Amino acid sequence: MRTILTFPDQLRLIDERSAAFRAAVAAAPSLDVQMPTHPARTLFDHVQHVGMGRRKAAAIVTAGPADGPPEESAWGGGTGAPREREALLAWWVESVEHLEGVLREAGPHRRCWTWWADSPSPQTSGAWARRQLHEIAVHTYDVQLTGGAPRPIPEKIALDGFDDCQFT
């Protein structure tokens, strides 16, 4: 039987996986270590990439229905993440809290642009919440692996991600 996570479940699990991501970055020996799953990136590069992705998703949901994603100035503002570890961790938390706040305010049914327009997956804020959960879960595993302490992606998230890719 397929069990799709509810919108409140998704938000709770985004928060949980984001905390695990933060903990893995905090425990890593260096921000300059290379990512085994993304060899062209350091851990710092990866955190910046993933954090900017959360900011971009928040801007997309905020913009609502559109023909394309918002301009980078709506989510990046030309600035990246700070290099110092504690400031980087605070920037990560801020990125995710902003995403969660936008998703909560939008609720699961706000129409918005998605890059998966030709998919049966809906073009809604709820679909973005689901996608963000899966992305954060995978990137958390990437960071944990980099620090030498990988933990399995929680089964309910992995199964939901598989279901999303295979059946919707």
# chains A, B, ... in the order shown; residues from 1 in each chain; ligands from 1
call {"tool": "closest_atom_pairs", "arguments": {"of": "range 50-119 of chain A", "to": "range 18-31 of chain A", "cutoff": "8 Å", "atoms": "only C-alpha atoms", "output": "JSON lines"}}
result
{"residue": "A:Arg85", "atom": "CA", "partner": "A:Leu31", "partner_atom": "CA", "distance": 7.4}
{"residue": "A:Leu89", "atom": "CA", "partner": "A:Arg22", "partner_atom": "CA", "distance": 6.4}
{"residue": "A:Trp92", "atom": "CA", "partner": "A:Arg22", "partner_atom": "CA", "distance": 7.4}
{"residue": "A:Val93", "atom": "CA", "partner": "A:Arg22", "partner_atom": "CA", "distance": 7.7}
{"residue": "A:Val96", "atom": "CA", "partner": "A:Ser18", "partner_atom": "CA", "distance": 7.2}
call {"tool": "residues_around", "arguments": {"residues": "Arg104 in chain A", "least_positions_apart": "4", "cutoff": "9 Å", "atoms": "only C-alpha atoms", "output": "ChimeraX atom specification"}}
result
/A:8,11,99-100,108
call {"tool": "write_last_selection", "arguments": {"atoms": "N, CA, C and O atoms", "output": "JSON list (two decimals), in the first residue's frame"}}
result
[["chain", "number", "residue", "atom", "x", "y", "z"],
["A", 8, "PRO", "N", 1.92, 18.44, 6.49],
["A", 8, "PRO", "CA", 2.54, 18.65, 7.81],
["A", 8, "PRO", "C", 3.70, 17.68, 8.08],
["A", 8, "PRO", "O", 4.71, 18.07, 8.67],
["A", 11, "LEU", "N", 6.76, 19.00, 6.19],
["A", 11, "LEU", "CA", 7.39, 20.14, 6.88],
["A", 11, "LEU", "C", 8.16, 19.69, 8.11],
["A", 11, "LEU", "O", 9.29, 20.14, 8.35],
["A", 99, "LEU", "N", 12.41, 28.83, 3.91],
["A", 99, "LEU", "CA", 11.66, 27.89, 3.07],
["A", 99, "LEU", "C", 10.44, 27.35, 3.82],
["A", 99, "LEU", "O", 9.32, 27.35, 3.30],
["A", 100, "GLU", "N", 10.65, 26.88, 5.04],
["A", 100, "GLU", "CA", 9.55, 26.32, 5.82],
["A", 100, "GLU", "C", 8.45, 27.36, 6.06],
["A", 100, "GLU", "O", 7.26, 27.05, 5.96],
["A", 108, "PRO", "N", -0.48, 23.66, 1.03],
["A", 108, "PRO", "CA", -0.08, 22.67, 0.03],
["A", 108, "PRO", "C", -0.63, 22.89, -1.38],
["A", 108, "PRO", "O", -0.20, 22.22, -2.31]]
call {"tool": "closest_residue", "arguments": {"among": "A:Ala63, A:Leu103, A:Met52, A:Ala57", "to": "Ala81 in chain A", "atoms": "only C-alpha atoms"}}
result
A:Met52
call {"tool": "atom_distance", "arguments": {"atom1": "CA of Asp142 in chain A", "atom2": "CA of Met35 in chain A"}}
result
7.4 Å
call {"tool": "select_by_dssp", "arguments": {"residues": "chain A", "states": "strand (DSSP E or B)", "output": "PyMOL selection string"}}
result
chain A and resi 34+42+111+124
call {"tool": "write_last_selection", "arguments": {"atoms": "N, CA and C atoms", "output": "PDB file, in the first residue's frame"}}
result
ATOM      1  N   GLN A  34      36.741  17.405   0.311  1.00  0.00           N
ATOM      2  CA  GLN A  34      36.044  17.115  -0.945  1.00  0.00           C
ATOM      3  C   GLN A  34      34.851  16.201  -0.675  1.00  0.00           C
ATOM      4  N   THR A  42      33.773  21.155  -2.582  1.00  0.00           N
ATOM      5  CA  THR A  42      34.151  21.009  -1.178  1.00  0.00           C
ATOM      6  C   THR A  42      32.860  20.979  -0.354  1.00  0.00           C
ATOM      7  N   ARG A 111      -0.650  27.223  -6.467  1.00  0.00           N
ATOM      8  CA  ARG A 111      -0.094  26.946  -7.793  1.00  0.00           C
ATOM      9  C   ARG A 111       1.207  27.721  -7.932  1.00  0.00           C
ATOM     10  N   THR A 124       2.427  22.622  -7.603  1.00  0.00           N
ATOM     11  CA  THR A 124       1.922  23.260  -6.387  1.00  0.00           C
ATOM     12  C   THR A 124       3.026  23.393  -5.342  1.00  0.00           C
TER      13      THR A 124
END
call {"tool": "residues_around", "arguments": {"residues": "Trp75 in chain A", "least_positions_apart": "6", "cutoff": "12 Å", "atoms": "only C-alpha atoms", "output": "NGL selection string"}}
result
:A and (51-63 or 69 or 95 or 98-99)
call {"tool": "closest_residue", "arguments": {"among": "A:Gly64, A:Pro70, A:Gly107, A:Pro82", "to": "Thr6 in chain A", "atoms": "only C-alpha atoms"}}
result
A:Gly107
call {"tool": "atom_distance", "arguments": {"atom1": "CA of Ala90 in chain A", "atom2": "CA of Ser73 in chain A"}}
result
20.9 Å
call {"tool": "closest_residue", "arguments": {"among": "A:Arg83, A:Arg110, A:Arg130, A:Lys156", "to": "Val47 in chain A", "atoms": "only C-alpha atoms"}}
result
A:Arg83
call {"tool": "closest_residue", "arguments": {"among": "A:Val102, A:Val33, A:Leu88, A:Cys112", "to": "Pro65 in chain A", "atoms": "only C-alpha atoms"}}
result
A:Cys112
call {"tool": "closest_residue", "arguments": {"among": "A:Val50, A:Leu5, A:Leu133, A:Ile14", "to": "Gly80 in chain A", "atoms": "only C-alpha atoms"}}
result
A:Val50
call {"tool": "closest_residue", "arguments": {"among": "A:Ala74, A:Gly68, A:Trp91, A:Ala137", "to": "Trp116 in chain A", "atoms": "only C-alpha atoms"}}
result
A:Gly68
call {"tool": "residues_around", "arguments": {"residues": "Thr37 in chain A", "least_positions_apart": "2", "cutoff": "12 Å", "atoms": "only C-alpha atoms", "output": "PyMOL selection string"}}
result
chain A and resi 33-35+39-43+46+138-147
call {"tool": "write_last_selection", "arguments": {"atoms": "N, CA and C atoms", "output": "short mmCIF file (atom, residue, chain, number, x, y, z; two decimals), in the first residue's frame"}}
result
data_model
loop_
_atom_site.label_atom_id
_atom_site.label_comp_id
_atom_site.auth_asym_id
_atom_site.auth_seq_id
_atom_site.Cartn_x
_atom_site.Cartn_y
_atom_site.Cartn_z
N VAL A 33 36.99 19.86 2.87
CA VAL A 33 37.06 18.46 2.46
C VAL A 33 36.24 18.27 1.18
N GLN A 34 36.74 17.41 0.31
CA GLN A 34 36.04 17.11 -0.94
C GLN A 34 34.85 16.20 -0.67
N MET A 35 33.79 16.40 -1.42
CA MET A 35 32.58 15.59 -1.30
C MET A 35 32.76 14.31 -2.12
N PRO A 39 32.62 15.15 -6.39
CA PRO A 39 34.06 15.38 -6.27
C PRO A 39 34.54 16.78 -6.67
N ALA A 40 33.79 17.49 -7.45
CA ALA A 40 34.20 18.84 -7.83
C ALA A 40 33.89 19.87 -6.74
N ARG A 41 33.20 19.45 -5.69
CA ARG A 41 32.80 20.38 -4.62
C ARG A 41 33.49 20.07 -3.31
N THR A 42 33.77 21.15 -2.58
CA THR A 42 34.15 21.01 -1.18
C THR A 42 32.86 20.98 -0.35
N LEU A 43 32.98 20.67 0.91
CA LEU A 43 31.82 20.69 1.79
C LEU A 43 31.21 22.10 1.81
N HIS A 46 29.20 22.67 -1.24
CA HIS A 46 27.97 21.89 -1.20
C HIS A 46 26.93 22.55 -0.30
N VAL A 138 18.61 13.52 0.76
CA VAL A 138 19.75 12.99 -0.01
C VAL A 138 21.01 13.80 0.29
N HIS A 139 20.88 15.12 0.33
CA HIS A 139 22.06 15.96 0.60
C HIS A 139 22.56 15.78 2.03
N THR A 140 21.67 15.46 2.94
CA THR A 140 22.11 15.16 4.31
C THR A 140 22.97 13.90 4.31
N TYR A 141 22.53 12.90 3.58
CA TYR A 141 23.35 11.68 3.45
C TYR A 141 24.71 12.01 2.83
N ASP A 142 24.73 12.85 1.79
CA ASP A 142 26.00 13.26 1.17
C ASP A 142 26.96 13.85 2.20
N VAL A 143 26.44 14.76 3.03
CA VAL A 143 27.28 15.42 4.04
C VAL A 143 27.72 14.44 5.12
N GLN A 144 26.82 13.57 5.54
CA GLN A 144 27.19 12.56 6.53
C GLN A 144 28.28 11.64 5.99
N LEU A 145 28.16 11.23 4.74
CA LEU A 145 29.17 10.38 4.10
C LEU A 145 30.51 11.10 4.05
N THR A 146 30.49 12.37 3.75
CA THR A 146 31.72 13.16 3.70
C THR A 146 32.42 13.18 5.06
N GLY A 147 31.63 13.24 6.12
CA GLY A 147 32.19 13.25 7.47
C GLY A 147 32.51 11.86 8.00
#
call {"tool": "atom_distance", "arguments": {"atom1": "CA of Ala129 in chain A", "atom2": "CA of Gly148 in chain A"}}
result
28.5 Å
call {"tool": "select_by_dssp", "arguments": {"residues": "range 6-123 of chain A", "states": "helix (DSSP H, G or I)", "output": "number ranges by chain"}}
result
A: 7-27, 43-63, 72-74, 85-106
call {"tool": "write_last_selection", "arguments": {"atoms": "C-alpha atoms", "output": "PDB file, in the first residue's frame"}}
result
ATOM      1  CA  PHE A   7       2.079  18.282   4.011  1.00  0.00           C
ATOM      2  CA  PRO A   8       2.544  18.655   7.809  1.00  0.00           C
ATOM      3  CA  ASP A   9       4.660  15.462   7.770  1.00  0.00           C
ATOM      4  CA  GLN A  10       6.781  16.903   4.985  1.00  0.00           C
ATOM      5  CA  LEU A  11       7.391  20.141   6.878  1.00  0.00           C
ATOM      6  CA  ARG A  12       8.278  18.269  10.067  1.00  0.00           C
ATOM      7  CA  LEU A  13      10.658  15.981   8.174  1.00  0.00           C
ATOM      8  CA  ILE A  14      12.255  18.898   6.303  1.00  0.00           C
ATOM      9  CA  ASP A  15      13.024  20.359   9.711  1.00  0.00           C
ATOM     10  CA  GLU A  16      14.344  17.021  11.009  1.00  0.00           C
ATOM     11  CA  ARG A  17      16.570  16.333   7.998  1.00  0.00           C
ATOM     12  CA  SER A  18      17.805  19.946   7.986  1.00  0.00           C
ATOM     13  CA  ALA A  19      18.885  19.579  11.609  1.00  0.00           C
ATOM     14  CA  ALA A  20      20.737  16.371  10.672  1.00  0.00           C
ATOM     15  CA  PHE A  21      22.368  18.225   7.754  1.00  0.00           C
ATOM     16  CA  ARG A  22      23.480  21.001  10.108  1.00  0.00           C
ATOM     17  CA  ALA A  23      24.842  18.502  12.640  1.00  0.00           C
ATOM     18  CA  ALA A  24      26.823  16.690   9.944  1.00  0.00           C
ATOM     19  CA  VAL A  25      28.352  19.955   8.697  1.00  0.00           C
ATOM     20  CA  ALA A  26      29.177  20.975  12.281  1.00  0.00           C
ATOM     21  CA  ALA A  27      30.914  17.626  12.892  1.00  0.00           C
ATOM     22  CA  LEU A  43      31.819  20.695   1.788  1.00  0.00           C
ATOM     23  CA  PHE A  44      31.542  24.495   1.845  1.00  0.00           C
ATOM     24  CA  ASP A  45      30.581  24.553  -1.848  1.00  0.00           C
ATOM     25  CA  HIS A  46      27.973  21.888  -1.199  1.00  0.00           C
ATOM     26  CA  VAL A  47      26.392  23.676   1.759  1.00  0.00           C
ATOM     27  CA  GLN A  48      26.239  26.872  -0.273  1.00  0.00           C
ATOM     28  CA  HIS A  49      24.690  25.031  -3.244  1.00  0.00           C
ATOM     29  CA  VAL A  50      22.065  23.272  -1.134  1.00  0.00           C
ATOM     30  CA  GLY A  51      21.236  26.403   0.876  1.00  0.00           C
ATOM     31  CA  MET A  52      20.818  28.485  -2.276  1.00  0.00           C
ATOM     32  CA  GLY A  53      18.523  25.770  -3.615  1.00  0.00           C
ATOM     33  CA  ARG A  54      16.279  26.166  -0.561  1.00  0.00           C
ATOM     34  CA  ARG A  55      16.220  29.927  -1.094  1.00  0.00           C
ATOM     35  CA  LYS A  56      15.355  29.469  -4.770  1.00  0.00           C
ATOM     36  CA  ALA A  57      12.525  27.044  -3.936  1.00  0.00           C
ATOM     37  CA  ALA A  58      11.122  29.562  -1.421  1.00  0.00           C
ATOM     38  CA  ALA A  59      11.211  32.305  -4.089  1.00  0.00           C
ATOM     39  CA  ILE A  60       9.434  30.042  -6.589  1.00  0.00           C
ATOM     40  CA  VAL A  61       6.635  29.228  -4.135  1.00  0.00           C
ATOM     41  CA  THR A  62       6.358  32.892  -3.120  1.00  0.00           C
ATOM     42  CA  ALA A  63       6.043  33.963  -6.769  1.00  0.00           C
ATOM     43  CA  GLU A  72      18.209  35.160  -9.237  1.00  0.00           C
ATOM     44  CA  SER A  73      17.879  38.492  -7.441  1.00  0.00           C
ATOM     45  CA  ALA A  74      14.672  37.163  -5.860  1.00  0.00           C
ATOM     46  CA  ARG A  85      31.637  27.626   9.962  1.00  0.00           C
ATOM     47  CA  GLU A  86      29.305  29.061  12.639  1.00  0.00           C
ATOM     48  CA  ALA A  87      28.105  31.798  10.286  1.00  0.00           C
ATOM     49  CA  LEU A  88      27.628  29.195   7.542  1.00  0.00           C
ATOM     50  CA  LEU A  89      25.558  27.017   9.885  1.00  0.00           C
ATOM     51  CA  ALA A  90      23.415  30.022  10.860  1.00  0.00           C
ATOM     52  CA  TRP A  91      22.976  30.863   7.161  1.00  0.00           C
ATOM     53  CA  TRP A  92      21.874  27.250   6.518  1.00  0.00           C
ATOM     54  CA  VAL A  93      19.314  27.394   9.345  1.00  0.00           C
ATOM     55  CA  GLU A  94      18.034  30.744   8.055  1.00  0.00           C
ATOM     56  CA  SER A  95      17.707  29.313   4.512  1.00  0.00           C
ATOM     57  CA  VAL A  96      15.630  26.356   5.680  1.00  0.00           C
ATOM     58  CA  GLU A  97      13.529  28.367   8.134  1.00  0.00           C
ATOM     59  CA  HIS A  98      12.691  30.791   5.328  1.00  0.00           C
ATOM     60  CA  LEU A  99      11.656  27.886   3.067  1.00  0.00           C
ATOM     61  CA  GLU A 100       9.547  26.320   5.823  1.00  0.00           C
ATOM     62  CA  GLY A 101       7.854  29.652   6.575  1.00  0.00           C
ATOM     63  CA  VAL A 102       7.015  30.223   2.915  1.00  0.00           C
ATOM     64  CA  LEU A 103       5.636  26.698   2.572  1.00  0.00           C
ATOM     65  CA  ARG A 104       3.542  27.026   5.754  1.00  0.00           C
ATOM     66  CA  GLU A 105       2.125  30.346   4.578  1.00  0.00           C
ATOM     67  CA  ALA A 106       1.370  28.977   1.090  1.00  0.00           C
TER      68      ALA A 106
END
